[in-house]
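Just structure-v1.cif here, mmCIF, N, CA and C atoms:
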data_query
#
loop_
_atom_site.label_atom_id
_atom_site.label_comp_id
_atom_site.auth_asym_id
_atom_site.auth_seq_id
_atom_site.Cartn_x
_atom_site.Cartn_y
_atom_site.Cartn_z
N MET A 17 177.80 321.15 16.50
CA MET A 17 177.04 321.90 15.53
C MET A 17 176.22 320.94 14.65
N ARG A 18 176.80 319.85 14.25
CA ARG A 18 176.10 318.90 13.39
C ARG A 18 174.89 318.29 14.09
N LEU A 19 175.05 318.00 15.39
CA LEU A 19 173.94 317.44 16.16
C LEU A 19 172.78 318.42 16.22
N ILE A 20 173.08 319.69 16.36
CA ILE A 20 172.03 320.71 16.39
C ILE A 20 171.30 320.74 15.05
N GLN A 21 172.04 320.65 13.95
CA GLN A 21 171.42 320.63 12.62
C GLN A 21 170.53 319.40 12.46
N ILE A 22 171.02 318.26 12.89
CA ILE A 22 170.23 317.02 12.78
C ILE A 22 168.95 317.15 13.61
N ARG A 23 169.09 317.63 14.83
CA ARG A 23 167.91 317.79 15.69
C ARG A 23 166.91 318.74 15.04
N ARG A 24 167.39 319.84 14.52
CA ARG A 24 166.49 320.83 13.90
C ARG A 24 165.77 320.24 12.69
N LEU A 25 166.49 319.51 11.87
CA LEU A 25 165.86 318.90 10.69
C LEU A 25 164.78 317.90 11.09
N THR A 26 165.05 317.10 12.11
CA THR A 26 164.04 316.13 12.53
C THR A 26 162.86 316.84 13.18
N GLU A 27 163.09 317.93 13.88
CA GLU A 27 161.99 318.71 14.45
C GLU A 27 161.12 319.32 13.35
N LEU A 28 161.71 319.60 12.21
CA LEU A 28 160.97 320.16 11.08
C LEU A 28 160.21 319.08 10.31
N GLY A 29 160.38 317.83 10.71
CA GLY A 29 159.64 316.76 10.07
C GLY A 29 160.44 315.95 9.06
N ILE A 30 161.72 316.21 8.96
CA ILE A 30 162.57 315.44 8.05
C ILE A 30 162.90 314.11 8.74
N PRO A 31 162.58 312.99 8.11
CA PRO A 31 162.91 311.69 8.73
C PRO A 31 164.42 311.57 8.96
N LEU A 32 164.79 311.00 10.09
CA LEU A 32 166.20 310.88 10.45
C LEU A 32 167.01 310.17 9.36
N ALA A 33 166.42 309.18 8.73
CA ALA A 33 167.12 308.44 7.68
C ALA A 33 167.44 309.33 6.47
N ARG A 34 166.68 310.43 6.29
CA ARG A 34 166.90 311.31 5.14
C ARG A 34 167.88 312.45 5.44
N VAL A 35 168.25 312.64 6.68
CA VAL A 35 169.10 313.76 7.05
C VAL A 35 170.41 313.80 6.26
N PRO A 36 171.14 312.69 6.12
CA PRO A 36 172.38 312.78 5.32
C PRO A 36 172.13 313.22 3.88
N ASP A 37 171.07 312.72 3.26
CA ASP A 37 170.75 313.10 1.88
C ASP A 37 170.38 314.57 1.79
N VAL A 38 169.57 315.01 2.73
CA VAL A 38 169.08 316.38 2.74
C VAL A 38 170.22 317.37 2.92
N ARG A 39 171.18 317.03 3.74
CA ARG A 39 172.29 317.95 4.00
C ARG A 39 173.15 318.14 2.75
N GLU A 40 173.17 317.15 1.87
CA GLU A 40 174.01 317.24 0.67
C GLU A 40 173.25 317.68 -0.57
N GLU A 41 171.93 317.56 -0.53
CA GLU A 41 171.09 317.91 -1.69
C GLU A 41 170.02 318.91 -1.26
N PRO A 42 170.26 320.19 -1.47
CA PRO A 42 169.28 321.21 -1.05
C PRO A 42 167.88 320.99 -1.64
N GLN A 43 167.80 320.44 -2.83
CA GLN A 43 166.49 320.19 -3.46
C GLN A 43 165.70 319.17 -2.64
N LEU A 44 166.38 318.16 -2.13
CA LEU A 44 165.70 317.17 -1.28
C LEU A 44 165.17 317.82 -0.02
N PHE A 45 165.94 318.75 0.53
CA PHE A 45 165.49 319.47 1.72
C PHE A 45 164.19 320.21 1.44
N GLU A 46 164.14 320.92 0.34
CA GLU A 46 162.94 321.67 -0.03
C GLU A 46 161.75 320.74 -0.22
N GLU A 47 161.97 319.60 -0.88
CA GLU A 47 160.89 318.65 -1.11
C GLU A 47 160.39 318.05 0.20
N ASP A 48 161.31 317.64 1.05
CA ASP A 48 160.93 317.04 2.32
C ASP A 48 160.25 318.07 3.22
N LEU A 49 160.73 319.29 3.20
CA LEU A 49 160.13 320.34 4.01
C LEU A 49 158.71 320.65 3.52
N ALA A 50 158.52 320.68 2.21
CA ALA A 50 157.18 320.91 1.67
C ALA A 50 156.23 319.78 2.04
N GLU A 51 156.72 318.55 2.02
CA GLU A 51 155.91 317.41 2.40
C GLU A 51 155.54 317.47 3.88
N ALA A 52 156.50 317.80 4.71
CA ALA A 52 156.24 317.92 6.15
C ALA A 52 155.24 319.04 6.41
N ASP A 53 155.36 320.14 5.68
CA ASP A 53 154.44 321.26 5.84
C ASP A 53 153.02 320.86 5.44
N ALA A 54 152.88 320.11 4.37
CA ALA A 54 151.56 319.65 3.94
C ALA A 54 150.94 318.72 4.97
N GLU A 55 151.74 317.86 5.55
CA GLU A 55 151.24 316.95 6.58
C GLU A 55 150.79 317.73 7.82
N LEU A 56 151.57 318.75 8.20
CA LEU A 56 151.18 319.59 9.34
C LEU A 56 149.89 320.35 9.06
N ALA A 57 149.75 320.87 7.86
CA ALA A 57 148.54 321.59 7.49
C ALA A 57 147.32 320.67 7.57
N LEU A 58 147.46 319.45 7.11
CA LEU A 58 146.37 318.48 7.19
C LEU A 58 146.02 318.17 8.64
N THR A 59 147.03 317.96 9.46
CA THR A 59 146.80 317.68 10.88
C THR A 59 146.09 318.84 11.55
N ILE A 60 146.52 320.05 11.25
CA ILE A 60 145.88 321.24 11.83
C ILE A 60 144.43 321.32 11.41
N ALA A 61 144.14 321.09 10.14
CA ALA A 61 142.77 321.12 9.65
C ALA A 61 141.91 320.06 10.36
N GLN A 62 142.45 318.88 10.54
CA GLN A 62 141.71 317.81 11.21
C GLN A 62 141.45 318.18 12.67
N LEU A 63 142.43 318.74 13.34
CA LEU A 63 142.25 319.14 14.73
C LEU A 63 141.24 320.28 14.86
N GLN A 64 141.27 321.23 13.95
CA GLN A 64 140.31 322.32 13.98
C GLN A 64 138.89 321.80 13.77
N LYS A 65 138.73 320.86 12.87
CA LYS A 65 137.42 320.25 12.63
C LYS A 65 136.95 319.52 13.88
N ALA A 66 137.84 318.78 14.52
CA ALA A 66 137.49 318.05 15.73
C ALA A 66 137.07 319.02 16.84
N ARG A 67 137.75 320.13 16.97
CA ARG A 67 137.39 321.12 17.98
C ARG A 67 136.01 321.71 17.72
N LYS A 68 135.69 321.97 16.45
CA LYS A 68 134.37 322.50 16.11
C LYS A 68 133.29 321.48 16.43
N GLU A 69 133.55 320.23 16.11
CA GLU A 69 132.57 319.18 16.39
C GLU A 69 132.36 319.02 17.90
N ARG A 70 133.43 319.10 18.64
CA ARG A 70 133.35 318.98 20.09
C ARG A 70 132.59 320.15 20.69
N ALA A 71 132.80 321.34 20.13
CA ALA A 71 132.10 322.52 20.63
C ALA A 71 130.59 322.41 20.41
N LYS A 72 130.18 321.72 19.36
CA LYS A 72 128.76 321.52 19.09
C LYS A 72 128.10 320.64 20.15
N LEU A 73 128.88 319.80 20.81
CA LEU A 73 128.36 318.88 21.80
C LEU A 73 128.09 319.56 23.14
N ARG A 74 128.58 320.74 23.34
CA ARG A 74 128.40 321.44 24.62
C ARG A 74 127.03 322.03 24.75
#
Show the structure stored in the file as structure tokens.
Amino acid sequence: MRLIQIRRLTELGIPLARVPDVREEPQLFEEDLAEADAELALTIAQLQKARKERAKLR
């Protein structure tokens, strides 16, 4: 069960080194999850921009 939790947290963007802290401090989990979400949103925006630019080249 613990391995599944660790895997899930890392899939959500929580660095492996932070997993022990996150499991014991719910506030850290929320902060790390918000940071991971912001990074994903930025990546998505960059990819969408790249797709639009590429479409202009066709």
### Query
How many Å lie between atom N of Leu56 (chain A) and atom N of Leu25 (chain A), rounded to one decimal?
15.4 Å
### Query
Where does DSSP see alpha helix (DSSP H) in chain A, if you list the residues as a PyMOL selection string?
chain A and resi 18-27+35-40+42-72
### Pick from A:Ala52, A:Ala66, A:Ile60, A:Ala71 nearest to Gly29 (chain A), counting only N, CA and C atoms
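Closest to Gly29 (chain A) of all the choices is A:Ala52.
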### Task
For CA of Ala54 (chain A) and CA of Lys68 (chain A), determine how far apart the two atoms are, in Å to one decimal place.
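Result for CA of Ala54 (chain A) versus CA of Lys68 (chain A): 21.3 Å, one decimal.
With atom C of Glu51 (chain A) on one side and atom C of Glu27 (chain A) on the other, the separation reads 11.1 Å.
Take the candidates A:Leu44, A:Met17, A:Arg70, A:Leu63 and check each one against Pro31 (chain A) using only C-alpha atoms; the shortest distance goes to A:Leu44.
Closest approach to Ile30 (chain A) among A:Leu49, A:Gln62, A:Glu55, A:Gln43 is made by A:Leu49 (distances from only C-alpha atoms).
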Adding 3 Å on each side of the box along x, y and z that holds all listed atoms of region 60-68 of chain A, could you give its centre and edge lengths in Å to one decimal, as AutoDock Vina command-line options?
--center_x 139.9 --center_y 320.2 --center_z 13.8 --size_x 19.2 --size_y 10.7 --size_z 14.3
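Each of A:Ala33, A:Leu28, A:Glu41, A:Arg74 was compared to Asp53 (chain A) using all atoms listed in the file, and A:Leu28 turns out to be the nearest.
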